[in-house]
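Peer 1: Following this line is final-v9.tsv, made up of TSV, C-alpha atoms and all ligand atoms:
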chain	number	residue	atom	x	y	z
V	11	MET	CA	-38.96	18.28	-112.22
V	12	ILE	CA	-38.03	17.95	-115.86
V	13	ASN	CA	-35.05	20.06	-117.05
V	14	SER	CA	-35.17	19.39	-120.76
V	15	PHE	CA	-37.37	17.63	-123.28
V	16	PRO	CA	-36.07	14.70	-125.32
V	17	ILE	CA	-36.03	15.02	-129.09
V	18	THR	CA	-35.69	11.53	-130.57
V	19	TYR	CA	-38.85	9.60	-131.38
V	20	GLN	CA	-37.65	6.58	-129.40
V	21	GLU	CA	-37.23	8.66	-126.25
V	22	ILE	CA	-40.59	10.31	-126.79
V	23	LEU	CA	-42.34	6.94	-127.05
V	24	ARG	CA	-40.56	5.90	-123.87
V	25	LEU	CA	-42.12	8.90	-122.09
V	26	VAL	CA	-45.57	7.69	-123.15
V	27	ASN	CA	-44.89	4.30	-121.60
V	28	GLN	CA	-43.50	5.76	-118.40
V	29	VAL	CA	-46.53	7.59	-117.04
V	30	ASP	CA	-47.55	5.93	-113.79
V	31	MET	CA	-51.34	6.20	-113.64
V	32	LYS	CA	-51.70	5.71	-109.88
V	33	ASP	CA	-49.06	8.34	-109.14
V	34	TYR	CA	-50.63	10.63	-111.74
V	35	ALA	CA	-54.08	10.46	-110.17
V	36	ARG	CA	-52.67	11.15	-106.70
V	37	THR	CA	-50.15	13.90	-107.44
V	38	ARG	CA	-51.10	15.63	-110.72
V	39	ASN	CA	-52.07	18.94	-109.09
V	40	TYR	CA	-48.78	19.35	-107.22
V	41	LEU	CA	-46.15	21.43	-108.97
V	42	ASP	CA	-43.71	18.54	-108.67
V	43	GLY	CA	-46.40	15.89	-109.30
V	44	GLY	CA	-46.06	12.86	-111.56
V	45	VAL	CA	-47.35	14.46	-114.76
V	46	SER	CA	-46.49	13.08	-118.19
V	47	HIS	CA	-44.69	16.04	-119.86
V	48	LEU	CA	-46.23	14.88	-123.14
V	49	SER	CA	-47.77	18.23	-124.09
V	50	PRO	CA	-44.85	19.46	-126.26
V	51	TYR	CA	-45.20	16.32	-128.39
V	52	LEU	CA	-49.00	16.41	-128.56
V	53	SER	CA	-49.02	20.11	-129.39
V	54	ARG	CA	-46.37	19.72	-132.06
V	55	GLY	CA	-48.20	16.76	-133.55
V	56	VAL	CA	-45.33	14.31	-132.97
V	57	LEU	CA	-47.91	12.21	-131.11
V	58	THR	CA	-51.65	12.07	-131.71
V	59	LEU	CA	-54.32	11.85	-129.05
V	60	PRO	CA	-55.70	8.45	-130.20
V	61	GLN	CA	-52.15	7.09	-130.35
V	62	VAL	CA	-51.45	8.07	-126.71
V	63	LYS	CA	-54.85	6.81	-125.58
V	64	ASN	CA	-54.41	3.43	-127.32
V	65	LYS	CA	-50.86	2.96	-126.06
V	66	LEU	CA	-52.04	3.66	-122.55
V	67	LEU	CA	-54.93	1.21	-122.71
V	68	GLU	CA	-52.57	-1.51	-123.94
V	69	ARG	CA	-50.84	-1.49	-120.58
V	70	VAL	CA	-53.28	-0.20	-117.93
V	71	LYS	CA	-56.85	-0.94	-116.94
V	72	LEU	CA	-59.44	1.58	-118.14
V	73	GLU	CA	-60.45	2.55	-114.59
V	74	ASP	CA	-56.84	3.46	-113.77
V	75	ALA	CA	-56.43	5.41	-117.00
V	76	ILE	CA	-59.58	7.54	-116.56
V	77	PRO	CA	-57.97	10.54	-114.76
V	78	PHE	CA	-55.36	10.81	-117.52
V	79	LEU	CA	-57.89	10.30	-120.32
V	80	TYR	CA	-59.97	13.06	-118.71
V	81	GLU	CA	-57.04	15.48	-119.16
V	82	LEU	CA	-56.37	14.33	-122.73
V	83	THR	CA	-60.03	15.02	-123.41
V	84	TRP	CA	-59.56	18.65	-122.33
V	85	ARG	CA	-57.04	18.92	-125.12
V	86	GLU	CA	-59.42	17.38	-127.65
V	87	TYR	CA	-62.22	19.64	-126.43
V	88	PHE	CA	-60.12	22.80	-126.85
V	89	GLN	CA	-58.93	21.73	-130.32
V	90	ARG	CA	-62.42	21.02	-131.50
V	91	THR	CA	-63.70	24.29	-129.98
V	92	TRP	CA	-61.12	26.09	-132.14
V	93	TRP	CA	-62.41	24.26	-135.22
V	94	LYS	CA	-65.94	25.20	-134.26
V	95	TYR	CA	-65.47	28.90	-133.45
V	96	GLN	CA	-62.44	29.54	-135.68
V	97	ASP	CA	-61.09	33.07	-134.97
V	98	GLY	CA	-64.01	33.59	-132.57
V	99	ILE	CA	-61.83	32.06	-129.81
V	100	PHE	CA	-59.71	35.23	-129.85
V	101	SER	CA	-62.58	37.28	-128.40
V	102	ASN	CA	-64.38	36.74	-125.10
V	103	LEU	CA	-66.63	33.71	-125.55
V	104	THR	CA	-69.09	34.76	-122.83
V	105	GLY	CA	-70.15	38.24	-121.71
V	106	ASN	CA	-68.52	37.60	-118.34
V	107	ALA	CA	-65.63	40.12	-118.73
V	108	ALA	CA	-63.06	41.09	-116.11
V	109	ARG	CA	-63.59	43.87	-113.57
V	110	THR	CA	-61.34	46.13	-115.59
V	111	GLN	CA	-59.68	45.37	-118.87
V	112	ARG	CA	-56.27	46.97	-118.54
V	113	LYS	CA	-54.34	46.53	-121.78
V	114	GLY	CA	-50.72	45.47	-121.49
V	115	LEU	CA	-48.35	43.14	-119.71
V	116	ILE	CA	-47.79	43.53	-115.99
V	117	ARG	CA	-44.14	44.50	-115.58
V	118	ASN	CA	-43.58	42.48	-112.42
V	119	ILE	CA	-45.18	39.33	-113.84
V	120	VAL	CA	-43.05	39.20	-116.98
V	121	GLY	CA	-40.06	40.31	-114.87
V	122	ALA	CA	-40.67	37.43	-112.40
V	123	ASN	CA	-40.79	39.96	-109.60
V	124	THR	CA	-44.26	39.60	-108.05
V	125	GLY	CA	-42.92	38.81	-104.58
V	126	ILE	CA	-44.79	35.48	-104.59
V	127	THR	CA	-41.70	33.29	-104.50
V	128	ILE	CA	-43.15	30.20	-106.17
V	129	ILE	CA	-44.75	32.19	-108.98
V	130	ASP	CA	-41.53	34.08	-109.65
V	131	GLU	CA	-39.64	30.77	-109.75
V	132	GLN	CA	-42.18	29.32	-112.18
V	133	ILE	CA	-41.93	32.33	-114.51
V	134	ASN	CA	-38.15	31.97	-114.54
V	135	GLN	CA	-38.58	28.28	-115.31
V	136	LEU	CA	-40.86	29.15	-118.23
V	137	TYR	CA	-38.05	31.27	-119.69
V	138	LYS	CA	-35.41	28.66	-118.94
V	139	ILE	CA	-37.00	25.42	-120.15
V	140	GLY	CA	-40.18	26.50	-121.95
V	141	TYR	CA	-42.52	24.47	-119.76
V	142	ILE	CA	-44.41	24.95	-116.49
V	143	HIS	CA	-46.97	22.82	-114.69
V	144	ASN	CA	-50.69	23.33	-115.35
V	145	HIS	CA	-51.31	24.68	-111.85
V	146	ALA	CA	-48.54	27.28	-112.27
V	147	ARG	CA	-50.13	28.36	-115.58
V	148	MET	CA	-53.45	28.79	-113.78
V	149	TYR	CA	-51.83	30.84	-110.99
V	150	ILE	CA	-50.06	33.13	-113.44
V	151	ALA	CA	-53.14	33.59	-115.64
V	152	SER	CA	-55.30	34.37	-112.62
V	153	LEU	CA	-52.71	36.77	-111.22
V	154	ALA	CA	-52.60	38.66	-114.53
V	155	SER	CA	-56.33	38.64	-115.32
V	156	ASN	CA	-58.26	38.44	-112.09
V	157	ILE	CA	-55.95	40.01	-109.50
V	158	GLY	CA	-53.92	42.22	-111.88
V	159	GLN	CA	-57.12	43.16	-113.76
V	160	SER	CA	-55.54	42.99	-117.20
V	161	ASP	CA	-57.14	41.73	-120.37
V	162	TRP	CA	-56.09	38.10	-121.04
V	163	GLN	CA	-55.10	38.63	-124.69
V	164	LEU	CA	-51.58	40.04	-124.43
V	165	PRO	CA	-50.46	37.96	-121.42
V	166	SER	CA	-51.70	34.79	-123.13
V	167	GLN	CA	-49.55	35.68	-126.17
V	168	TRP	CA	-46.58	36.20	-123.85
V	169	MET	CA	-47.04	32.75	-122.29
V	170	TYR	CA	-47.62	31.09	-125.68
V	171	TYR	CA	-44.44	32.72	-127.03
V	172	HIS	CA	-42.33	30.90	-124.45
V	173	LEU	CA	-44.06	27.49	-124.28
V	174	LEU	CA	-42.53	24.52	-126.10
V	175	ASP	CA	-46.03	23.06	-126.03
V	176	GLY	CA	-47.57	26.37	-127.19
V	177	ASP	CA	-50.92	25.49	-128.64
V	178	VAL	CA	-53.27	28.26	-129.70
V	179	ALA	CA	-56.44	26.43	-128.70
V	180	SER	CA	-55.29	25.13	-125.29
V	181	ASN	CA	-53.60	28.38	-124.44
V	182	THR	CA	-56.25	30.87	-125.54
V	183	LEU	CA	-59.15	28.86	-124.17
V	184	SER	CA	-57.38	28.14	-120.86
V	185	TRP	CA	-56.73	31.85	-120.39
V	186	GLN	CA	-60.37	32.52	-121.17
V	187	TRP	CA	-61.41	29.77	-118.75
V	188	VAL	CA	-59.33	31.30	-115.92
V	189	ALA	CA	-60.54	34.84	-116.72
V	190	GLY	CA	-64.15	33.63	-116.62
V	191	THR	CA	-64.87	34.41	-120.25
V	192	PHE	CA	-65.18	30.70	-121.17
V	193	SER	CA	-66.48	29.41	-117.82
V	194	LEU	CA	-69.12	30.27	-115.28
V	195	LYS	CA	-66.75	31.99	-112.85
V	196	LYS	CA	-63.23	33.37	-112.63
V	197	TYR	CA	-60.51	31.18	-111.14
V	198	PHE	CA	-58.95	32.53	-107.91
V	199	PHE	CA	-56.27	31.11	-105.63
V	200	ASN	CA	-54.61	32.29	-102.45
V	201	GLN	CA	-51.25	31.86	-100.77
V	202	GLU	CA	-52.48	28.86	-98.80
V	203	ASN	CA	-53.34	27.10	-102.05
V	204	ILE	CA	-49.91	27.83	-103.56
V	205	ASN	CA	-48.19	26.67	-100.38
V	206	LYS	CA	-50.16	23.42	-100.43
V	207	PHE	CA	-49.42	22.52	-104.04
V	208	SER	CA	-45.78	23.65	-104.00
V	209	GLN	CA	-45.07	22.43	-100.46
V	210	SER	CA	-43.77	25.83	-99.44
V	211	LEU	CA	-44.41	28.09	-96.47
V	212	GLN	CA	-44.46	31.70	-97.64
V	213	GLN	CA	-46.67	34.04	-95.60
V	214	GLY	CA	-47.64	37.71	-95.42
V	215	THR	CA	-48.02	38.28	-99.18
V	216	PHE	CA	-50.92	40.16	-100.79
V	217	LEU	CA	-52.43	36.73	-101.55
V	218	ASP	CA	-52.27	35.59	-97.94
V	219	ILE	CA	-55.98	36.26	-97.45
V	220	ALA	CA	-59.25	34.30	-97.36
V	221	TYR	CA	-60.85	33.19	-100.64
V	222	GLU	CA	-63.93	35.37	-100.15
V	223	LYS	CA	-61.77	38.51	-100.22
V	224	LEU	CA	-60.09	37.72	-103.54
V	225	PRO	CA	-62.80	38.80	-106.02
V	226	GLY	CA	-62.96	42.30	-104.48
V	227	LEU	CA	-59.21	42.71	-103.87
V	228	GLU	CA	-57.89	46.14	-104.85
V	229	LEU	CA	-55.14	46.11	-107.45
V	230	PRO	CA	-51.93	45.27	-105.53
V	231	PRO	CA	-49.32	48.04	-106.18
V	232	VAL	CA	-46.77	45.42	-107.30
V	233	LEU	CA	-49.08	44.53	-110.22
V	234	ASP	CA	-49.92	48.10	-111.18
V	235	GLU	CA	-47.32	48.96	-113.83
V	236	LEU	CA	-48.08	47.87	-117.38
V	237	ILE	CA	-45.63	47.56	-120.23
V	238	SER	CA	-46.09	46.83	-123.89
V	239	SER	CA	-44.10	44.19	-125.64
V	240	GLU	CA	-43.45	43.02	-129.14
V	241	PHE	CA	-42.98	39.31	-129.76
V	242	ILE	CA	-40.66	38.53	-132.60
V	243	THR	CA	-40.04	35.17	-134.26
V	244	VAL	CA	-36.54	34.48	-135.47
V	245	PHE	CA	-36.49	32.11	-138.46
V	246	PRO	CA	-33.69	29.78	-139.54
V	247	SER	CA	-31.79	30.93	-142.60
V	248	ARG	CA	-33.50	30.13	-145.89
V	249	GLN	CA	-32.11	27.11	-147.74
V	250	PRO	CA	-32.97	26.20	-151.36
V	251	LEU	CA	-35.41	23.28	-151.63
V	252	LYS	CA	-34.64	20.21	-153.72
V	253	LEU	CA	-38.00	18.93	-154.91
V	254	ASP	CA	-39.08	16.20	-157.29
V	255	PRO	CA	-42.54	17.10	-158.69
V	256	SER	CA	-43.07	13.51	-159.86
V	257	LEU	CA	-43.45	12.53	-156.18
V	258	PRO	CA	-46.15	13.74	-153.75
V	259	LEU	CA	-45.46	16.83	-151.66
V	260	LEU	CA	-46.13	16.32	-147.93
V	261	LEU	CA	-46.55	19.52	-145.92
V	262	TYR	CA	-45.52	19.54	-142.26
V	263	ASN	CA	-45.67	22.52	-139.92
V	264	SER	CA	-45.15	23.44	-136.27
V	265	TYR	CA	-48.37	21.54	-135.40
V	266	ASN	CA	-47.66	18.46	-137.51
V	267	LEU	CA	-44.29	16.87	-136.89
V	268	ASP	CA	-45.46	13.25	-136.92
V	269	PRO	CA	-42.54	11.07	-138.11
V	270	THR	CA	-44.86	8.12	-138.78
V	271	TRP	CA	-47.24	10.04	-141.06
V	272	LYS	CA	-47.17	8.43	-144.55
V	273	LYS	CA	-43.70	7.15	-143.68
V	274	GLN	CA	-44.02	4.29	-146.15
V	275	ILE	CA	-44.44	6.47	-149.24
V	276	ASP	CA	-41.69	8.01	-151.32
V	277	ALA	CA	-42.33	11.77	-151.15
V	278	ASN	CA	-40.98	15.29	-150.81
V	279	ARG	CA	-41.32	16.30	-147.16
V	280	VAL	CA	-41.30	19.99	-146.33
V	281	LEU	CA	-41.51	21.65	-142.92
V	282	LEU	CA	-43.31	24.86	-143.80
V	283	LEU	CA	-42.62	27.88	-141.58
V	284	GLU	CA	-44.98	30.54	-142.86
V	285	PRO	CA	-44.06	34.06	-141.71
V	286	SER	CA	-47.77	35.04	-141.80
V	287	HIS	CA	-48.54	32.30	-139.22
V	288	PHE	CA	-45.77	33.41	-136.89
V	289	VAL	CA	-46.76	37.08	-137.15
V	290	LYS	CA	-50.11	36.05	-135.76
V	291	PHE	CA	-48.70	33.52	-133.28
V	292	PRO	CA	-45.06	34.43	-132.54
V	293	VAL	CA	-42.71	31.98	-130.79
V	294	SER	CA	-39.38	32.44	-129.02
V	295	GLU	CA	-36.07	31.30	-130.44
V	296	LYS	CA	-36.04	28.38	-127.99
V	297	VAL	CA	-39.44	27.22	-129.29
V	298	MET	CA	-38.37	27.61	-132.94
V	299	ASN	CA	-35.23	25.54	-132.28
V	300	PHE	CA	-37.33	22.87	-130.58
V	301	ILE	CA	-39.67	22.68	-133.60
V	302	ILE	CA	-36.74	22.31	-135.99
V	303	GLU	CA	-35.04	19.71	-133.80
V	304	LEU	CA	-38.26	17.65	-133.55
V	305	SER	CA	-38.56	17.72	-137.33
V	306	THR	CA	-35.28	15.80	-137.63
V	307	ASN	CA	-37.25	12.66	-136.68
V	308	ILE	CA	-38.88	12.88	-140.13
V	309	ASP	CA	-36.88	11.23	-142.92
V	310	ASN	CA	-35.56	13.62	-145.60
V	311	ILE	CA	-37.34	16.64	-144.21
V	312	GLN	CA	-36.42	20.03	-145.69
V	313	VAL	CA	-37.23	23.33	-143.99
V	314	PHE	CA	-38.89	26.06	-146.02
V	315	VAL	CA	-39.32	29.57	-144.63
V	316	GLY	CA	-42.01	31.22	-146.73
V	317	GLU	CA	-45.70	31.09	-147.58
V	318	VAL	CA	-47.15	27.87	-148.95
V	319	ASN	CA	-47.81	29.39	-152.37
V	320	ASP	CA	-44.16	30.44	-152.63
V	321	ILE	CA	-42.92	26.84	-152.62
V	322	PRO	CA	-41.04	26.56	-155.92
V	323	THR	CA	-42.78	24.52	-158.63
V	324	LEU	CA	-45.86	24.08	-156.41
V	325	GLU	CA	-48.18	24.06	-159.44
V	326	ARG	CA	-46.34	21.05	-160.87
V	327	PHE	CA	-47.24	18.66	-158.03
V	328	GLU	CA	-50.10	16.32	-158.77
V	329	SER	CA	-50.43	15.36	-155.16
V	330	ILE	CA	-50.07	17.73	-152.17
V	331	LEU	CA	-51.00	16.30	-148.78
V	332	SER	CA	-51.29	17.71	-145.27
V	333	LYS	CA	-52.94	16.98	-141.94
V	334	PRO	CA	-56.01	19.09	-141.16
V	335	HIS	CA	-55.58	21.94	-138.67
V	336	PRO	CA	-57.41	25.24	-138.16
V	337	SER	CA	-54.21	27.19	-138.87
V	338	SER	CA	-53.52	25.49	-142.21
V	339	ARG	CA	-56.92	25.46	-143.88
V	340	HIS	CA	-55.47	27.52	-146.75
V	341	TYR	CA	-52.97	24.83	-147.83
V	342	PRO	CA	-53.65	23.52	-151.33
V	343	GLY	CA	-54.17	19.80	-151.95
V	344	GLU	CA	-55.81	17.06	-149.93
V	345	LYS	CA	-56.20	16.88	-146.17
V	346	ASP	CA	-56.38	13.70	-144.07
V	347	GLU	CA	-59.28	13.02	-141.73
V	348	PRO	CA	-58.82	14.67	-138.29
V	349	GLN	CA	-57.52	12.26	-135.62
V	350	TRP	CA	-59.77	12.44	-132.56
V	351	MET	CA	-60.23	10.09	-129.61
V	352	PHE	CA	-63.98	10.62	-129.70
V	353	ALA	CA	-64.74	11.42	-133.34
V	354	ASN	CA	-68.38	10.37	-133.05
V	355	ILE	CA	-69.16	12.70	-130.17
V	356	GLU	CA	-69.91	16.35	-130.90
V	357	PRO	CA	-68.30	18.82	-128.47
V	358	LYS	CA	-70.93	20.42	-126.23
V	359	ALA	CA	-71.05	23.96	-124.87
V	360	SER	CA	-69.53	22.73	-121.60
V	361	PHE	CA	-66.55	20.45	-121.16
V	362	THR	CA	-68.34	18.51	-118.42
V	363	ALA	CA	-71.20	17.61	-120.76
V	364	PHE	CA	-68.72	16.52	-123.45
V	365	TRP	CA	-66.65	14.46	-120.99
V	366	LYS	CA	-69.76	12.65	-119.68
V	367	LEU	CA	-70.49	11.37	-123.18
V	368	CYS	CA	-66.83	10.49	-123.81
V	369	GLU	CA	-66.52	8.61	-120.52
V	370	HIS	CA	-69.74	6.77	-121.23
V	371	SER	CA	-68.42	5.67	-124.64
V	372	LEU	CA	-65.22	4.38	-123.01
V	373	ILE	CA	-67.02	2.38	-120.35
V	374	ARG	CA	-69.55	0.91	-122.82
V	375	LYS	CA	-66.80	-0.69	-124.93
V	401	LIG	C1	-53.21	29.49	-118.72
V	401	LIG	C2	-52.95	28.14	-119.35
V	401	LIG	C3	-52.30	28.06	-120.57
V	401	LIG	C4	-52.08	26.81	-121.16
V	401	LIG	N1	-51.45	26.76	-122.37
V	401	LIG	C5	-51.24	25.55	-122.97
V	401	LIG	C6	-50.60	25.46	-124.24
V	401	LIG	O1	-50.24	26.46	-124.86
V	401	LIG	N2	-50.40	24.22	-124.76
V	401	LIG	C7	-50.82	23.08	-124.12
V	401	LIG	O2	-50.60	21.98	-124.64
V	401	LIG	N3	-51.46	23.14	-122.94
V	401	LIG	C8	-51.68	24.34	-122.34
V	401	LIG	N4	-52.31	24.39	-121.13
V	401	LIG	C9	-52.88	23.13	-120.57
V	401	LIG	C10	-51.96	22.38	-119.59
V	401	LIG	O3	-51.40	23.28	-118.66
V	401	LIG	C11	-50.84	21.62	-120.28
V	401	LIG	O4	-51.35	20.86	-121.36
V	401	LIG	C12	-50.18	20.65	-119.29
V	401	LIG	O5	-49.68	21.37	-118.19
V	401	LIG	C13	-49.08	19.92	-119.99
V	401	LIG	O6	-48.28	19.17	-119.11
V	401	LIG	P1	-48.31	17.58	-119.16
V	401	LIG	O7	-48.20	17.10	-120.55
V	401	LIG	O8	-47.32	17.08	-118.18
V	401	LIG	O9	-49.79	17.32	-118.64
V	401	LIG	P2	-50.47	16.01	-118.06
V	401	LIG	O10	-51.13	16.40	-116.78
V	401	LIG	O11	-49.55	14.87	-118.04
V	401	LIG	O12	-51.66	15.77	-119.08
V	401	LIG	C14	-51.57	14.92	-120.22
V	401	LIG	C15	-52.02	15.68	-121.43
V	401	LIG	O13	-53.39	16.10	-121.27
V	401	LIG	C16	-53.56	17.39	-121.85
V	401	LIG	N5	-53.92	18.33	-120.79
V	401	LIG	C17	-53.65	18.24	-119.48
V	401	LIG	N6	-54.17	19.26	-118.80
V	401	LIG	C18	-54.78	20.04	-119.73
V	401	LIG	C19	-55.51	21.24	-119.67
V	401	LIG	N7	-55.75	21.87	-118.52
V	401	LIG	N8	-55.98	21.75	-120.82
V	401	LIG	C20	-55.77	21.12	-122.01
V	401	LIG	N9	-55.10	19.97	-122.12
V	401	LIG	C21	-54.61	19.43	-121.01
V	401	LIG	C22	-52.23	17.80	-122.48
V	401	LIG	O14	-52.22	17.47	-123.84
V	401	LIG	C23	-51.25	16.96	-121.68
V	401	LIG	O15	-50.07	16.70	-122.39
V	401	LIG	C24	-52.54	25.63	-120.51
V	401	LIG	C25	-53.19	25.73	-119.28
V	401	LIG	C26	-53.39	26.97	-118.70
V	401	LIG	C27	-54.10	27.03	-117.36
In structure tokens, write the structure found in this file.

Peer 2:
Amino acid sequence: MINSFPITYQEILRLVNQVDMKDYARTRNYLDGGVSHLSPYLSRGVLTLPQVKNKLLERVKLEDAIPFLYELTWREYFQRTWWKYQDGIFSNLTGNAARTQRKGLIRNIVGANTGITIIDEQINQLYKIGYIHNHARMYIASLASNIGQSDWQLPSQWMYYHLLDGDVASNTLSWQWVAGTFSLKKYFFNQENINKFSQSLQQGTFLDIAYEKLPGLELPPVLDELISSEFITVFPSRQPLKLDPSLPLLLYNSYNLDPTWKKQIDANRVLLLEPSHFVKFPVSEKVMNFIIELSTNIDNIQVFVGEVNDIPTLERFESILSKPHPSSRHYPGEKDEPQWMFANIEPKASFTAFWKLCEHSLIRK
């Protein structure tokens, strides 16, 4: 189990080279399985999907890399779904809504007090290190939406707020997938499943029942109480920028912290923290610190807290450049081409259909 996430680019690249594909394929679904822990770097744009894919294929055979490439493709699929539907991803994507749509956070989920030992441990880990395993995220989302009968919107914001890898597309669409509003059916799990994938032995909980009984399960009293919550982003103190308008202005943000991007050119480099973005998608102090620490891999970066149009002397720059992203479409200047693994394949309505085409294109090469 990882306790902290490295910051330097060298260490991050080492993580990419460390993933053991055979172990990954065998153990990925276990809470202590051999997963890569690359999501904070992919989400923050320190690494790109094609970069990770290419690095992987330099050292392992395609057939061994397929299970990992399959997961990377989920990320690409979610990102491209966000581009396609824009703000539409923040509403139910299918008519398949929950049994009830209680509005609020379940007190005993956010308080790590559900009585399901492994889930409570995982929630505490989320607060402590800002990362939990995919299976734990699925358990928590299902507990909140499908067993706790609450709308996915607020709990997904709560989880996003605490995740170092917080990514609006992966997070929102995964919550929708679990809640059955972006999939054909809701995701359920029982105590036996948790025990298997966490190698634990808890019994006698409200989840210690057969799968068939889960969809009709009455709201467990421990999940009854709802609370409201406000998520607040704390910004670093504002420092004056030193800019040279005769050089290009490169805009970075919490989703683009790639230290290799246009590294060779002489430019002003600004990490833009727009309050309007973080009002919509708030992050915890731990996440904000992580973003700022990751930005130190970028030469001469300066942090600017403010809206893009408030950057001093903005109108004097001949060249303003940024990477394309759904959350920064309003930036002035030129945008690069998006960096996809499967740029020539259009995302389909279902992930499976998209993956089939992607896999085919890999094998054909
Ligand atoms: C409710 C819920 C919320 C989630 N929220 C986020 C989020 O905010 N940010 C985020 O990056 N991921 C999110 N995920 C997806 C997934 O849980 C994480 O990407 C994964 O756990 C990251 O750990 P890893 O890098 O060790 O994954 P690995 O298993 O090593 O996978 C390698 C990479 O593939 C991608 N990937 C793997 N599984 C998924 C998946 N199910 N969906 C999309 N991409 C995947 C990630 O980029 C990951 O880094 C969420 C999943 C669920 C069920």

Peer 1: Output the neighbourhood of ligand LIG 401 (chain V) as a PyMOL selection string, that is, all protein and nucleic acid residues with some atom at most 7 Å from the ligand, counting all atoms listed in the file.

Peer 2: chain V and resi 38+45-50+52-53+78+81-82+84-85+88+142-145+147-148+151+170+173+175-178+180-182+184-185+188

Peer 1: Could you please determine the separation between CA of Ala35 in chain V and CA of Leu372 in chain V in Å, to one decimal place?

Peer 2: 18.1 Å

Peer 1: Taking all atoms listed in the file into account, which of V:Pro342, V:Pro292, V:Pro322, V:Gly190 comes nearest Thr104 in chain V?

Peer 2: V:Gly190

Peer 1: Please list, as an NGL selection string, the residues that have an atom at most 9 Å away from (-54.5, 21.5, -148.8) in the coordinates of this file, counting only C-alpha atoms.

Peer 2: :V and (261 or 330-334 or 338-345)

Peer 1: Could you tell me which of V:Leu183, V:Leu227, V:Val232, V:Val293 comes closest to Ala122 in chain V if we count only C-alpha atoms?

Peer 2: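 Among the listed residues, V:Val232 lies closest to Ala122 in chain V.
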
Peer 1: Can you tell me which residues surround Tyr221 in chain V at a distance of at most 9 Å, considering only C-alpha atoms, apart from same-chain residues fewer than 2 positions away, and format the answer as a list in words?

Peer 2: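 Within the cut-off, the hits are Phe198, Phe199, Asn200, Ile219, Lys223, Leu224 and Pro225 of chain V.
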
Peer 1: Would you be able to write out as an mmCIF file with C-alpha atoms, in the coordinates of the input which residues have an atom within 9 Å of (-51.5, 30.9, -103.4) in the file's coordinates, counting all atoms listed in the file?

Peer 2:
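Result written to selection.cif:
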data_model
loop_
_atom_site.group_PDB
_atom_site.id
_atom_site.type_symbol
_atom_site.label_atom_id
_atom_site.label_comp_id
_atom_site.auth_asym_id
_atom_site.auth_seq_id
_atom_site.Cartn_x
_atom_site.Cartn_y
_atom_site.Cartn_z
ATOM 1 C CA ILE V 126 -44.790 35.480 -104.590
ATOM 2 C CA ILE V 128 -43.150 30.200 -106.170
ATOM 3 C CA ILE V 129 -44.750 32.190 -108.980
ATOM 4 C CA TYR V 149 -51.830 30.840 -110.990
ATOM 5 C CA PHE V 198 -58.950 32.530 -107.910
ATOM 6 C CA PHE V 199 -56.270 31.110 -105.630
ATOM 7 C CA ASN V 200 -54.610 32.290 -102.450
ATOM 8 C CA GLN V 201 -51.250 31.860 -100.770
ATOM 9 C CA GLU V 202 -52.480 28.860 -98.800
ATOM 10 C CA ASN V 203 -53.340 27.100 -102.050
ATOM 11 C CA ILE V 204 -49.910 27.830 -103.560
ATOM 12 C CA ASN V 205 -48.190 26.670 -100.380
ATOM 13 C CA LYS V 206 -50.160 23.420 -100.430
ATOM 14 C CA PHE V 207 -49.420 22.520 -104.040
ATOM 15 C CA LEU V 217 -52.430 36.730 -101.550
ATOM 16 C CA ASP V 218 -52.270 35.590 -97.940
#

Peer 1: With a distance cut-off of 10 Å and all atoms listed in the file, select the neighbouring residues of range 91-101 of chain V, excluding the residue or stretch itself and same-chain residues fewer than 6 positions from it, and output the selection as a list in words.

Peer 2: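 These residues fall inside the cut-off: Arg85, Trp162, Gln163, Val178, Ala179, Ser180, Thr182, Leu183, Gln186, Thr191, Phe192, His335, Pro336, Ser337, Pro357, Lys358 and Ala359 of chain V.
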
Peer 1: To one decimal place in Å, what is the distance between CA of Glu68 in chain V and CA of Lys32 in chain V?

Peer 2: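 Separating CA of Glu68 in chain V from CA of Lys32 in chain V is a distance of 15.8 Å.
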
Peer 1: I need the residue nearest Gly140 in chain V from this list: V:Asp268, V:Asp161, V:Glu295, V:Glu21. Use all atoms listed in the file for the distance.

Peer 2: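 The answer is V:Glu295, which sits nearest to Gly140 in chain V.
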
Peer 1: Could you give me, as a tab-separated table (two decimals) with C-alpha atoms, in the coordinates of the input, the residues within 9 Å of Arg326 in chain V, counting all atoms listed in the file and dropping anything in the same chain fewer than 2 positions from it?

Peer 2:
chain	number	residue	atom	x	y	z
V	255	PRO	CA	-42.54	17.10	-158.69
V	256	SER	CA	-43.07	13.51	-159.86
V	323	THR	CA	-42.78	24.52	-158.63
V	324	LEU	CA	-45.86	24.08	-156.41
V	328	GLU	CA	-50.10	16.32	-158.77

Peer 1: Could you state the separation of CA of Gln167 in chain V and CA of Glu228 in chain V in Å, given to one decimal place?

Peer 2: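 Rounded to one decimal, the two atoms are 25.2 Å apart.
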
Peer 1: Can you work out which one of V:Ser294, V:Thr58, V:Gln132, V:Ser210 has the shortest atom-to-atom distance to Pro269 in chain V, counting all atoms listed in the file?

Peer 2: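 Closest to Pro269 in chain V of all the choices is V:Thr58.
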
Peer 1: Considering only C-alpha atoms, return as a list in words whatever protein or nucleic-acid residues lie within 7 Å of Ala277 in chain V, sequence-local ones (same chain, fewer than 6 positions apart) excluded.

Peer 2: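 Residues near the query, excluding close chain neighbours: Leu257, Pro258, Leu259 and Leu260 of chain V.
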
Peer 1: I'd like to know which of V:Leu136, V:Ile311, V:Ala220, V:Ala363 is closest to Val297 in chain V, using only C-alpha atoms.

Peer 2: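 Looking at the shortest contact to Val297 in chain V, the residue is V:Leu136.
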